[in-house]
>>> print(open('structure-v5.csv').read())   # CSV, C-alpha atoms and all ligand atoms
chain,number,residue,atom,x,y,z
A,1,VAL,CA,0.4,-45.7,25.1
A,2,LYS,CA,1.2,-42.8,22.8
A,3,VAL,CA,-1.7,-41.0,21.2
A,4,VAL,CA,-2.0,-38.6,18.3
A,5,GLY,CA,-5.1,-37.1,16.8
A,6,ILE,CA,-5.6,-36.5,13.1
A,7,ILE,CA,-8.2,-33.8,12.6
A,8,GLY,CA,-9.5,-31.8,9.7
A,9,TYR,CA,-12.7,-31.1,7.7
A,10,ARG,CA,-14.2,-33.5,5.3
A,11,ASN,CA,-12.1,-34.5,2.3
A,12,SER,CA,-9.0,-32.9,3.8
A,13,GLY,CA,-7.0,-36.1,3.4
A,14,LYS,CA,-7.4,-37.5,7.0
A,15,THR,CA,-8.2,-41.0,6.1
A,16,THR,CA,-5.4,-41.2,3.5
A,17,LEU,CA,-2.9,-39.9,6.0
A,18,ILE,CA,-4.1,-42.3,8.8
A,19,LEU,CA,-3.8,-45.2,6.4
A,20,ASN,CA,-0.3,-44.2,5.3
A,21,LEU,CA,0.8,-43.4,8.9
A,22,SER,CA,-0.4,-46.7,10.3
A,23,GLN,CA,1.4,-48.5,7.5
A,24,GLU,CA,4.6,-46.6,8.2
A,25,LEU,CA,4.5,-47.1,12.0
A,26,ALA,CA,3.7,-50.8,11.6
A,27,ARG,CA,6.6,-51.1,9.1
A,28,ARG,CA,8.8,-49.8,11.9
A,29,GLY,CA,7.6,-52.5,14.2
A,30,TRP,CA,5.1,-50.6,16.3
A,31,LYS,CA,1.6,-51.9,17.2
A,32,VAL,CA,-0.9,-49.4,15.9
A,33,ALA,CA,-4.5,-48.9,16.9
A,34,ILE,CA,-6.9,-46.5,15.2
A,35,LEU,CA,-9.8,-45.0,17.1
A,36,LYS,CA,-12.4,-43.3,14.9
A,37,HIS,CA,-15.1,-40.9,15.9
A,38,THR,CA,-18.3,-41.2,14.0
A,39,ARG,CA,-21.6,-39.5,14.4
A,40,GLY,CA,-23.7,-42.2,12.7
A,41,ALA,CA,-24.4,-45.8,13.5
A,42,LEU,CA,-21.4,-48.3,13.6
A,43,ASP,CA,-23.3,-51.0,11.7
A,44,VAL,CA,-25.8,-51.1,8.9
A,45,PRO,CA,-29.3,-50.7,10.3
A,46,HIS,CA,-31.5,-53.9,10.3
A,47,LYS,CA,-28.4,-56.1,9.8
A,48,ASP,CA,-27.6,-58.8,12.4
A,49,THR,CA,-25.3,-56.8,14.6
A,50,ALA,CA,-27.6,-53.8,14.8
A,51,ARG,CA,-30.6,-56.1,15.6
A,52,HIS,CA,-28.6,-57.9,18.3
A,53,MET,CA,-27.7,-54.6,19.8
A,54,GLU,CA,-31.3,-53.6,20.3
A,55,HIS,CA,-31.4,-55.8,23.5
A,56,ALA,CA,-27.9,-57.0,24.2
A,57,HIS,CA,-25.4,-55.0,26.3
A,58,GLN,CA,-22.5,-56.1,24.1
A,59,VAL,CA,-22.2,-58.1,20.8
A,60,ALA,CA,-18.9,-59.8,19.9
A,61,ALA,CA,-18.0,-61.2,16.6
A,62,ILE,CA,-15.1,-63.6,15.6
A,63,SER,CA,-14.1,-64.3,12.0
A,64,PRO,CA,-10.9,-65.6,10.4
A,65,LYS,CA,-10.1,-62.1,9.3
A,66,GLY,CA,-10.7,-60.2,12.5
A,67,SER,CA,-12.7,-59.9,15.7
A,68,ALA,CA,-14.8,-57.1,17.2
A,69,ILE,CA,-16.8,-56.2,20.3
A,70,PHE,CA,-19.7,-53.7,20.0
A,71,PHE,CA,-20.7,-51.9,23.2
A,72,LYS,CA,-24.1,-50.4,23.5
A,73,GLY,CA,-24.1,-46.6,23.7
A,74,LYS,CA,-21.4,-44.0,23.8
A,75,ARG,CA,-18.3,-44.7,25.8
A,76,SER,CA,-15.6,-42.3,26.9
A,77,LEU,CA,-12.2,-42.0,25.2
A,78,GLU,CA,-10.5,-43.2,28.4
A,79,ASP,CA,-12.7,-46.2,28.5
A,80,MET,CA,-12.1,-47.1,24.8
A,81,LEU,CA,-8.3,-46.6,25.1
A,82,GLY,CA,-8.3,-49.0,28.0
A,83,HIS,CA,-9.5,-51.8,25.6
A,84,LEU,CA,-6.8,-51.2,23.0
A,85,ASP,CA,-3.5,-53.0,23.0
A,86,ALA,CA,-1.1,-50.8,21.0
A,87,ASP,CA,2.1,-48.7,21.1
A,88,PHE,CA,0.5,-45.9,19.2
A,89,VAL,CA,-3.2,-44.9,19.0
A,90,ILE,CA,-4.2,-42.7,16.1
A,91,ILE,CA,-7.4,-40.9,16.8
A,92,GLU,CA,-9.5,-39.7,13.8
A,93,GLY,CA,-11.6,-36.7,14.7
A,94,MET,CA,-12.4,-35.9,18.4
A,95,LYS,CA,-11.3,-32.3,17.9
A,96,GLU,CA,-12.9,-31.4,21.3
A,97,GLU,CA,-10.6,-33.8,23.2
A,98,LYS,CA,-7.7,-31.7,24.6
A,99,ILE,CA,-5.2,-34.2,26.1
A,100,PHE,CA,-3.1,-35.3,23.2
A,101,PRO,CA,-1.3,-33.6,20.3
A,102,LYS,CA,-2.8,-33.3,16.8
A,103,VAL,CA,-1.9,-33.3,13.2
A,104,VAL,CA,-4.2,-30.9,11.4
A,105,CYS,CA,-5.1,-31.8,7.8
A,106,LEU,CA,-5.9,-28.7,5.7
A,107,LYS,CA,-7.5,-28.4,2.3
A,108,GLU,CA,-8.1,-24.6,2.2
A,109,LYS,CA,-7.5,-21.5,4.3
A,110,LYS,CA,-11.1,-21.3,5.4
A,111,GLY,CA,-11.7,-22.5,9.0
A,112,VAL,CA,-8.0,-23.0,9.8
A,113,GLN,CA,-8.3,-21.1,13.1
A,114,ASP,CA,-11.2,-23.3,14.3
A,115,LEU,CA,-8.9,-26.4,14.0
A,116,PHE,CA,-6.0,-24.9,15.9
A,117,ASP,CA,-6.3,-25.1,19.7
A,118,GLY,CA,-2.6,-25.0,20.7
A,119,LEU,CA,-2.2,-28.8,20.6
A,120,GLU,CA,-1.2,-29.0,16.9
A,121,ILE,CA,2.3,-30.3,16.3
A,122,CYS,CA,2.2,-30.0,12.5
A,123,ALA,CA,-0.2,-29.5,9.6
A,124,ALA,CA,-0.6,-31.7,6.5
A,125,THR,CA,-1.9,-30.6,3.2
A,126,LEU,CA,-2.1,-31.8,-0.4
A,127,SER,CA,-1.2,-28.4,-1.8
A,128,PRO,CA,0.5,-25.3,-0.3
A,129,LEU,CA,-1.9,-22.8,1.4
A,130,GLY,CA,0.4,-19.9,1.5
A,131,LEU,CA,-0.2,-19.4,5.2
A,132,ASP,CA,2.2,-19.1,8.1
A,133,LEU,CA,0.7,-21.6,10.5
A,134,GLY,CA,3.4,-21.4,13.1
A,135,VAL,CA,4.0,-25.2,12.9
A,136,PRO,CA,5.8,-27.4,10.3
A,137,VAL,CA,3.7,-28.1,7.3
A,138,PHE,CA,4.0,-31.4,5.5
A,139,HIS,CA,2.6,-33.0,2.3
A,140,ILE,CA,0.1,-35.6,3.1
A,141,LEU,CA,1.4,-38.1,0.5
A,142,ASP,CA,5.1,-37.2,0.2
A,143,ASP,CA,6.1,-36.6,3.8
A,144,VAL,CA,4.5,-39.6,5.6
A,145,LYS,CA,7.9,-40.6,7.0
A,146,LYS,CA,8.5,-37.1,8.4
A,147,ILE,CA,5.1,-37.0,10.0
A,148,ALA,CA,5.6,-40.5,11.4
A,149,ASP,CA,9.0,-39.3,12.9
A,150,MET,CA,7.2,-36.4,14.5
A,151,ILE,CA,4.5,-38.7,16.0
A,152,VAL,CA,7.1,-41.2,17.3
A,153,GLU,CA,8.9,-38.3,19.0
A,154,ARG,CA,6.0,-36.2,20.3
A,155,ALA,CA,2.8,-38.3,20.7
A,156,PHE,CA,1.5,-38.5,24.3
A,157,LYS,CA,-1.7,-38.6,26.3
A,158,LEU,CA,-2.5,-36.9,29.6
A,159,PRO,CA,-4.9,-38.6,32.0
A,160,ASN,CA,-7.8,-36.1,31.8
A,161,LEU,CA,-8.1,-35.9,35.6
A,162,ASN,CA,-7.8,-32.1,35.8
A,163,CYS,CA,-6.4,-32.5,39.3
A,164,GLY,CA,-4.3,-29.4,39.2
A,165,ALA,CA,-1.3,-31.1,40.8
A,166,CYS,CA,1.0,-30.1,38.0
A,167,GLY,CA,0.3,-26.4,38.6
A,168,TYR,CA,-2.2,-26.1,35.8
A,169,GLU,CA,-5.9,-26.3,36.4
A,170,ARG,CA,-6.7,-28.4,33.4
A,171,CYS,CA,-4.8,-31.2,31.6
A,172,TYR,CA,-5.4,-29.1,28.5
A,173,ASP,CA,-3.2,-26.3,29.8
A,174,LEU,CA,-0.2,-28.7,30.4
A,175,ALA,CA,-0.9,-30.5,27.1
A,176,ARG,CA,-0.5,-27.1,25.3
A,177,GLU,CA,2.7,-26.4,27.1
A,178,ILE,CA,4.1,-29.8,26.1
A,179,CYS,CA,3.1,-29.2,22.5
A,180,LYS,CA,4.9,-25.9,22.6
A,181,GLY,CA,8.0,-27.7,23.9
A,182,ARG,CA,8.0,-25.7,27.2
A,183,LYS,CA,7.0,-28.7,29.4
A,184,GLU,CA,7.3,-32.5,29.3
A,185,VAL,CA,4.9,-35.4,29.9
A,186,LYS,CA,6.7,-36.2,33.1
A,187,ASP,CA,5.4,-32.9,34.5
A,188,CYS,CA,2.0,-34.6,34.9
A,189,VAL,CA,2.1,-35.7,38.5
A,190,SER,CA,-0.7,-38.2,38.0
A,191,LEU,CA,1.4,-40.1,35.5
A,192,ASN,CA,4.2,-40.6,38.0
A,193,PRO,CA,2.2,-41.7,41.1
A,194,SER,CA,3.7,-42.9,44.3
A,195,THR,CA,0.7,-45.1,44.7
A,196,GLU,CA,-0.7,-47.2,41.9
A,197,VAL,CA,-3.6,-49.6,41.7
A,198,LEU,CA,-3.6,-52.1,38.8
A,199,LEU,CA,-6.9,-53.6,37.7
A,200,GLY,CA,-6.5,-56.5,35.3
A,201,GLY,CA,-2.9,-55.3,34.7
A,202,LYS,CA,-4.0,-51.7,33.8
A,203,ALA,CA,-3.4,-48.7,36.0
A,204,LEU,CA,-6.5,-47.2,37.6
A,205,ALA,CA,-6.6,-43.4,37.0
A,206,MET,CA,-6.3,-41.7,40.4
A,207,ASN,CA,-5.6,-38.0,41.0
A,208,PRO,CA,-2.9,-37.3,43.7
A,209,PHE,CA,-5.6,-36.5,46.3
A,210,VAL,CA,-7.3,-39.9,45.9
A,211,ALA,CA,-3.9,-41.6,45.7
A,212,LYS,CA,-3.0,-40.0,49.0
A,213,ILE,CA,-6.3,-41.3,50.6
A,214,VAL,CA,-5.7,-44.8,49.3
A,215,ARG,CA,-2.1,-44.8,50.4
A,216,GLY,CA,-3.0,-43.5,53.9
A,217,ALA,CA,-5.9,-46.0,54.3
A,218,ILE,CA,-3.7,-49.0,53.4
A,219,LYS,CA,-0.8,-47.9,55.5
A,220,GLY,CA,-3.1,-47.2,58.4
A,221,MET,CA,-4.6,-50.7,58.2
A,222,LEU,CA,-1.3,-52.5,57.8
A,223,SER,CA,0.7,-50.5,60.4
A,224,GLY,CA,-1.0,-52.3,63.3
A,225,LEU,CA,0.1,-55.8,61.9
A,226,LYS,CA,3.1,-57.6,63.4
A,227,GLY,CA,6.0,-57.3,61.0
A,228,PHE,CA,4.9,-54.1,59.3
A,229,LYS,CA,7.8,-52.0,58.1
A,230,ARG,CA,8.0,-48.7,56.3
A,231,GLY,CA,8.8,-49.0,52.5
A,232,LYS,CA,7.3,-50.2,49.3
A,233,ILE,CA,4.0,-52.1,49.7
A,234,GLU,CA,2.6,-54.6,47.2
A,235,ILE,CA,-0.9,-56.1,47.5
A,236,ARG,CA,-2.3,-58.7,45.1
A,237,ILE,CA,-6.0,-59.6,45.0
A,238,ASP,CA,-6.5,-62.4,42.5
A,239,ARG,CA,-10.1,-63.4,43.3
A,240,GLU,CA,-13.2,-61.6,44.2
A,241,ASP,CA,-14.4,-64.0,46.9
A,301,LIG,S1,-1.2,-33.4,37.0
A,301,LIG,FE1,-1.7,-34.5,35.2
A,301,LIG,S2,-3.8,-35.2,35.6
A,301,LIG,FE2,-3.4,-33.5,37.0
A,301,LIG,S3,-4.0,-31.6,35.9
A,301,LIG,FE3,-1.9,-31.8,35.5
A,301,LIG,S4,-1.8,-33.0,33.6
A,301,LIG,FE4,-3.9,-33.2,34.4
>>> encode(input="structure-v5.csv", output="structure tokens")
Amino acid sequence: VKVVGIIGYRNSGKTTLILNLSQELARRGWKVAILKHTRGALDVPHKDTARHMEHAHQVAAISPKGSAIFFKGKRSLEDMLGHLDADFVIIEGMKEEKIFPKVVCLKEKKGVQDLFDGLEICAATLSPLGLDLGVPVFHILDDVKKIADMIVERAFKLPNLNCGACGYERCYDLAREICKGRKEVKDCVSLNPSTEVLLGGKALAMNPFVAKIVRGAIKGMLSGLKGFKRGKIEIRIDRED
């Protein structure tokens, strides 16, 4: 899945841009998911869902216009992304996450530097700020197609394992280099593993060290069996019993 963040202060045009971008990407045939960060409650207090959530672990809802699952408590970004089925995920907010590129929405010069962390691929404004930001600056309403082009070309997400196998201590460091055009997503060793475990069809995140242990353990167990040969190994476990 390709991920991009849309960040900015209140009333900087984030929601408008996300709406227009999701429309443009969907028009091009991509499946789009939007993941919002909110500090408040997800549902109106004292309404049915909020009351059910007092004691239930999860609450699900089905209606002719859409379906939803509410999980109790805060979940990690990785966990939530695992539930989404999309070609592109647009994340609103989550400035502190450092593993995907960002479009920075700006309304004024104030606070610009706080929003720039080396992961910005472009900025978007409703009126010129007269600043050299070091990245392309687009108009939030008039340049939606250009911003969408940039997202299609440059969106990515690193696994957030901070394993160091790429030569950088943190995924953030490689992500910054990718955003600067000096490295590529394929430089993340964990995204190109020689050992992969799929759970429910989705890859389990494993850093190279853990992958090596899993690989060694499985090969060690199988090597004593009659007929064992070196090469690609595939194991399926379809039931828990
Ligand atoms: S190899 Fe991938 S997962 Fe490991 S630190 Fe580098 S970017 Fe992160």
>>> residues_around(input="structure-v5.csv", residues="His83 (chain A)", least_positions_apart="6", cutoff="12 Å", atoms="only C-alpha atoms", output="PyMOL selection string")
chain A and resi 1+33-35+68-71+75-77+89+200-202
>>> closest_residue(input="structure-v5.csv", among="A:Lys74, A:Lys186, A:Arg170, A:Arg215", to="ligand LIG 301 (chain A)", atoms="all atoms listed in the file")
A:Arg170
>>> residues_near_ligand(input="structure-v5.csv", ligand="ligand LIG 301 (chain A)", cutoff="7 Å", atoms="only C-alpha atoms and all ligand atoms", output="list in words")
Leu158, Pro159, Asn160, Leu161, Asn162, Cys163, Gly164, Ala165, Cys166, Gly167, Tyr168, Glu169, Arg170, Cys171, Leu174, Cys188, Val189, Ser190, Leu191 and Asn207 of chain A
>>> residues_near_point(input="structure-v5.csv", point="(-25.3, -56.3, 16.1)", cutoff="10 Å", atoms="all atoms listed in the file", output="list in words")
Leu42, Asp43, Val44, Pro45, His46, Lys47, Asp48, Thr49, Ala50, Arg51, His52, Met53, Glu54, His55, Ala56, Gln58, Val59, Ala60, Ala61, Ile69, Phe70, Phe71 and Lys72 of chain A
>>> write_last_selection(input="structure-v5.csv", atoms="C-alpha atoms", output="compact mmCIF listing (two decimals), in the coordinates of the input")
# COMPACT_ATOMS: atom_id res chain seq x y z
CA LEU A 42 -21.40 -48.30 13.60
CA ASP A 43 -23.30 -51.00 11.70
CA VAL A 44 -25.80 -51.10 8.90
CA PRO A 45 -29.30 -50.70 10.30
CA HIS A 46 -31.50 -53.90 10.30
CA LYS A 47 -28.40 -56.10 9.80
CA ASP A 48 -27.60 -58.80 12.40
CA THR A 49 -25.30 -56.80 14.60
CA ALA A 50 -27.60 -53.80 14.80
CA ARG A 51 -30.60 -56.10 15.60
CA HIS A 52 -28.60 -57.90 18.30
CA MET A 53 -27.70 -54.60 19.80
CA GLU A 54 -31.30 -53.60 20.30
CA HIS A 55 -31.40 -55.80 23.50
CA ALA A 56 -27.90 -57.00 24.20
CA GLN A 58 -22.50 -56.10 24.10
CA VAL A 59 -22.20 -58.10 20.80
CA ALA A 60 -18.90 -59.80 19.90
CA ALA A 61 -18.00 -61.20 16.60
CA ILE A 69 -16.80 -56.20 20.30
CA PHE A 70 -19.70 -53.70 20.00
CA PHE A 71 -20.70 -51.90 23.20
CA LYS A 72 -24.10 -50.40 23.50
>>> atom_distance(input="structure-v5.csv", atom1="CA of Leu115 (chain A)", atom2="CA of Leu25 (chain A)")
24.7 Å
